[in-house]
Amino acid sequence: MFSISLRADSISKIYGAGLLSEGRCVFQNVSFEIRPGETFGLTGPSGEGKSTLGRVIAGIEKPTYGTVYYEDSSLSEMKKTKYMAFRRKVQIMFQDPTGAFNPRKRIGSSVFDVLKLLKIPNIEHASKTKEMLITIGLSEEVLSRYPSQLSGGQLQRLAIGRILLLEPEYIILDEPTSALDVSVQAQILHMLKNVQTEKNIGYILISHDQAVIRFMSDTCGLLESGQLRVIE
Amino acid sequence: MNQFDCTDNSCMKEAGIEGFSEKKSEGSNFEFPEETSYWIFQKHKGFQGLFNRIGVFLFILFVLMALFPSVFAPYAPEERFIPYEAPSEEHLLGTNDIGNDILSELAFGARISMTVGFMAALISTLIGTALGLCAGYFRGALDELLMGFTDVVLVIPKIPLIIVMGAFLRPSIWILISILGLLSWESTARVTRSKTLQLRGAGYVKSAQCMGFSSYHIMKSDIFPNIIHILFPKFMLATASAMISEASLSFLGLGDLSMKSWGMMLSFAFSQGGFIRDMWWWYMPPGICITLCVLSIALIGFGLEAKEGEHFKEGANTL
């Protein structure tokens, strides 16, 4: 049956493998599946490859072995049109909010670039942007600012907002709140929950913080010693 | 109560929620942020600042001379007077072997010398930037191929090659510009590649890749604006280097005889007896002009490099 899940099937990542070296195995035989509206929490000690796994699922990095499936199609065998659809539907949000935006561009310019990418007519840019800003709870004033002039919380909201313009089905949240103050963390997490309920988005939440994982996740996975242990 | 509930104003303010944002409180006093400035006067003081100012002043003077030579030249460059005339009220820098006014030749020669310098630097900067961006962004086999090619170009001796080509082709400034431009992009390519390698790992580049932006868009819109501050000083220093090469080649008689640059003036002074007759007013002015013009461009280039260093130290380059 046709399914719109995002699935990792026995994926492994090995760095530096070659003729003379076996390389360093970051993780191996990792399998899990998420569906829109669900949150899969991924936790584990530092350096165990959580972010690498996130990037592999997002299609930014290729797995050494195994396959990532989106809508039952393997990423490695996807045709260009299908891959472009995947590219829009599966997004990643990085830990550092200050690095999410080009430091030499005003926020408005970074946002409008996404609208242009989606081939939305110029006349609709203002309304779409306004709608997005209402969702993330920021004023239009931020559009004229440079990233260095906004707080971490504001930037993280804008990063989410910009991703939402693409109407994704899945977002990989790579430590989305670890660089933020505790009170701001709460705001961001609540916003993510609201957005998920409203738009039926699936999250893969990568975090060290057990409380954050418990609060957000339906299913949780512990990545340790290269193995993923899924806890329902 | 949920542990994540946060209703007090302080946390709302931290989160930057509308109505509580510290930026919002500025109200009508809101000002657009300052653009990143490349103006070299801003931070330099003491000797460095003084040298930069002298460099900019001289450079503007030479650019004006190149753009409006008739303002500086009392006569047309081809107009003839009494040959070998020493400096006088009528001819401030005297005349040459065929009676041309040296000051007028000097003013009109600025255009040729600076055209060669800027055009060659433009070609080399464009090639270096394009190759460096592609090598750094795509990496892999393309990077290996382009950097291998860069190493090959790096070891080609330019002046001997131009001498050989001059023997086969009719000397012209366009050939000179092409050769100098096509063979001096290696250092720009290397610098661009290393900076691109650094930037391709930045969050905003990764985000753009994930959103499905094309590689061309990412290089043009996200990477190039962040390396332009490195390219500008490279362009200035390439201009100075091309001007010296042009002067050297013209002095060797490989320049375009129909276009009298400063180097060509020196060449004529040497071949037509200016040096033997000790006619300093013939050979000194183009020599001084080449030196000062190259120095002014180099001073601006160094100033911009120093500014880039300061910019980096201040953390304005945060990825």
# chains A, B, ... in the order shown; residues from 1 in each chain; ligands from 1
call {"tool": "interface_residues", "arguments": {"of": "chain A", "to": "chain B", "cutoff": "6 Å", "atoms": "only C-alpha atoms", "output": "JSON list (two decimals) with N, CA and C atoms, in the first residue's frame"}}
result
[["chain", "number", "residue", "atom", "x", "y", "z"],
["A", 87, "ARG", "N", 12.91, 17.13, -1.72],
["A", 87, "ARG", "CA", 13.74, 18.23, -1.21],
["A", 87, "ARG", "C", 12.90, 19.30, -0.51],
["A", 88, "ARG", "N", 11.70, 19.54, -1.03],
["A", 88, "ARG", "CA", 10.80, 20.54, -0.41],
["A", 88, "ARG", "C", 10.10, 19.97, 0.81],
["A", 99, "GLY", "N", 23.46, 30.97, 12.47],
["A", 99, "GLY", "CA", 24.04, 30.51, 11.21],
["A", 99, "GLY", "C", 23.00, 30.17, 10.15],
["A", 100, "ALA", "N", 21.73, 30.23, 10.52],
["A", 100, "ALA", "CA", 20.68, 29.79, 9.60],
["A", 100, "ALA", "C", 20.41, 30.80, 8.49],
["A", 101, "PHE", "N", 20.84, 32.03, 8.70],
["A", 101, "PHE", "CA", 20.57, 33.07, 7.70],
["A", 101, "PHE", "C", 21.87, 33.69, 7.21],
["A", 102, "ASN", "N", 21.88, 34.02, 5.93],
["A", 102, "ASN", "CA", 23.06, 34.67, 5.34],
["A", 102, "ASN", "C", 23.31, 35.99, 6.07],
["A", 137, "GLY", "N", 4.74, 34.33, 15.33],
["A", 137, "GLY", "CA", 4.60, 35.34, 16.38],
["A", 137, "GLY", "C", 5.64, 36.44, 16.35],
["A", 138, "LEU", "N", 6.00, 36.89, 15.18],
["A", 138, "LEU", "CA", 6.94, 38.02, 15.08],
["A", 138, "LEU", "C", 6.32, 39.15, 14.25],
["A", 139, "SER", "N", 6.86, 40.35, 14.44],
["A", 139, "SER", "CA", 6.33, 41.50, 13.70],
["A", 139, "SER", "C", 7.06, 41.66, 12.37],
["A", 153, "GLY", "N", 16.27, 33.52, 19.78],
["A", 153, "GLY", "CA", 14.87, 33.06, 19.74],
["A", 153, "GLY", "C", 14.17, 33.54, 18.48],
["A", 154, "GLN", "N", 14.38, 34.82, 18.17],
["A", 154, "GLN", "CA", 13.75, 35.38, 16.97],
["A", 154, "GLN", "C", 14.24, 34.66, 15.71],
["A", 183, "SER", "N", 13.71, 29.84, 29.00],
["A", 183, "SER", "CA", 12.38, 30.40, 28.77],
["A", 183, "SER", "C", 12.06, 30.47, 27.27],
["A", 184, "VAL", "N", 13.08, 30.77, 26.48],
["A", 184, "VAL", "CA", 12.88, 30.85, 25.03],
["A", 184, "VAL", "C", 12.66, 29.44, 24.47],
["A", 186, "ALA", "N", 11.10, 27.05, 25.86],
["A", 186, "ALA", "CA", 9.69, 26.71, 26.07],
["A", 186, "ALA", "C", 8.82, 27.32, 24.99]]
call {"tool": "select_by_dssp", "arguments": {"residues": "chain A", "states": "helix (DSSP H, G or I)", "output": "ChimeraX atom specification"}}
result
/A:50-57,75-77,80-89,97-99,107-117,122-136,140-144,147-149,152-164,182-199,210-216
call {"tool": "residues_around", "arguments": {"residues": "region 198-200 of chain A", "least_positions_apart": "3", "cutoff": "12 Å", "atoms": "only C-alpha atoms", "output": "MDAnalysis selection string"}}
result
chainID A and resid 35:39 135 164:171 191:195 203
call {"tool": "closest_residue", "arguments": {"among": "A:Gly202, A:Pro103, A:Gly16, A:Gly161", "to": "Ser148 (chain A)", "atoms": "only C-alpha atoms"}}
result
A:Pro103
call {"tool": "residues_around", "arguments": {"residues": "Ile172 (chain A)", "least_positions_apart": "3", "cutoff": "12 Å", "atoms": "only C-alpha atoms", "output": "PyMOL selection string"}}
result
(chain A and resi 6+34+38-42+50-60+89-95+160+163+168-169+175-176+192+201-207) or (chain B and resi 207+210)
call {"tool": "closest_residue", "arguments": {"among": "B:Pro233, B:Leu197, B:Ser172, B:Leu257", "to": "Gly140 (chain B)", "atoms": "only C-alpha atoms"}}
result
B:Leu197
call {"tool": "residues_around", "arguments": {"residues": "Cys25 (chain A)", "least_positions_apart": "3", "cutoff": "8 Å", "atoms": "only C-alpha atoms", "output": "ChimeraX atom specification"}}
result
/A:12-15,28,226
call {"tool": "write_last_selection", "arguments": {"atoms": "C-alpha atoms", "output": "CSV table (one decimal), in the first residue's frame"}}
result
chain,number,residue,atom,x,y,z
A,12,SER,CA,25.1,2.8,8.2
A,13,LYS,CA,27.6,5.7,8.0
A,14,ILE,CA,31.3,5.1,7.9
A,15,TYR,CA,33.8,8.0,7.5
A,28,GLN,CA,25.2,1.0,11.7
A,226,GLY,CA,26.6,3.1,16.8
call {"tool": "atom_distance", "arguments": {"atom1": "CA of Leu150 (chain A)", "atom2": "CA of Leu189 (chain A)"}}
result
19.0 Å
call {"tool": "residues_around", "arguments": {"residues": "Met259 (chain B)", "least_positions_apart": "2", "cutoff": "8 Å", "atoms": "only C-alpha atoms", "output": "list of chain:residue names"}}
result
B:Gly109, B:Ile112, B:Ile173, B:Asp256, B:Leu257, B:Ser261
call {"tool": "select_by_dssp", "arguments": {"residues": "region 44-261 of chain B", "states": "strand (DSSP E or B)", "output": "MDAnalysis selection string"}}
result
chainID B and resid 80 95 100:101
call {"tool": "closest_residue", "arguments": {"among": "B:Met236, B:Val155, B:Ile177, B:Leu252", "to": "Met119 (chain B)", "atoms": "only C-alpha atoms"}}
result
B:Ile177
call {"tool": "residues_around", "arguments": {"residues": "Ala242 (chain B)", "least_positions_apart": "5", "cutoff": "8 Å", "atoms": "only C-alpha atoms", "output": "number ranges by chain"}}
result
B: 116-118, 120-121, 180
call {"tool": "write_last_selection", "arguments": {"atoms": "all heavy atoms", "output": "mmCIF file, in the first residue's frame"}}
result
data_model
loop_
_atom_site.group_PDB
_atom_site.id
_atom_site.type_symbol
_atom_site.label_atom_id
_atom_site.label_comp_id
_atom_site.auth_asym_id
_atom_site.auth_seq_id
_atom_site.Cartn_x
_atom_site.Cartn_y
_atom_site.Cartn_z
ATOM 1 N N VAL B 116 45.145 48.554 -19.416
ATOM 2 C CA VAL B 116 45.779 47.228 -19.398
ATOM 3 C C VAL B 116 45.696 46.634 -17.991
ATOM 4 O O VAL B 116 45.286 45.474 -17.808
ATOM 5 C CB VAL B 116 47.258 47.306 -19.862
ATOM 6 C CG1 VAL B 116 47.966 45.962 -19.673
ATOM 7 C CG2 VAL B 116 47.339 47.727 -21.323
ATOM 8 N N GLY B 117 46.042 47.433 -16.983
ATOM 9 C CA GLY B 117 46.036 46.948 -15.594
ATOM 10 C C GLY B 117 44.657 46.486 -15.161
ATOM 11 O O GLY B 117 44.493 45.352 -14.680
ATOM 12 N N PHE B 118 43.656 47.331 -15.359
ATOM 13 C CA PHE B 118 42.314 47.003 -14.870
ATOM 14 C C PHE B 118 41.664 45.872 -15.661
ATOM 15 O O PHE B 118 41.018 45.005 -15.081
ATOM 16 C CB PHE B 118 41.411 48.237 -14.868
ATOM 17 C CG PHE B 118 41.637 49.094 -13.659
ATOM 18 C CD1 PHE B 118 42.272 50.317 -13.752
ATOM 19 C CD2 PHE B 118 41.225 48.658 -12.411
ATOM 20 C CE1 PHE B 118 42.497 51.088 -12.627
ATOM 21 C CE2 PHE B 118 41.446 49.421 -11.281
ATOM 22 C CZ PHE B 118 42.087 50.646 -11.385
ATOM 23 N N ALA B 120 43.146 43.447 -17.405
ATOM 24 C CA ALA B 120 43.816 42.169 -17.100
ATOM 25 C C ALA B 120 43.398 41.681 -15.715
ATOM 26 O O ALA B 120 43.107 40.490 -15.530
ATOM 27 C CB ALA B 120 45.329 42.340 -17.169
ATOM 28 N N ALA B 121 43.321 42.616 -14.750
ATOM 29 C CA ALA B 121 42.922 42.231 -13.390
ATOM 30 C C ALA B 121 41.470 41.757 -13.372
ATOM 31 O O ALA B 121 41.126 40.812 -12.652
ATOM 32 C CB ALA B 121 43.103 43.408 -12.434
ATOM 33 N N LEU B 180 47.953 38.452 -19.865
ATOM 34 C CA LEU B 180 48.130 38.765 -18.436
ATOM 35 C C LEU B 180 46.912 38.317 -17.640
ATOM 36 O O LEU B 180 47.026 37.793 -16.534
ATOM 37 C CB LEU B 180 48.361 40.268 -18.239
ATOM 38 C CG LEU B 180 49.709 40.808 -18.714
ATOM 39 C CD1 LEU B 180 49.744 42.328 -18.600
ATOM 40 C CD2 LEU B 180 50.851 40.206 -17.903
#
call {"tool": "atom_distance", "arguments": {"atom1": "CA of Leu142 (chain B)", "atom2": "CA of Arg193 (chain B)"}}
result
11.9 Å
call {"tool": "atom_distance", "arguments": {"atom1": "CA of Leu75 (chain A)", "atom2": "CA of Arg162 (chain A)"}}
result
24.0 Å
call {"tool": "closest_residue", "arguments": {"among": "B:Ile276, B:Leu122, B:Leu249, B:Leu106", "to": "Met65 (chain B)", "atoms": "only C-alpha atoms"}}
result
B:Leu106
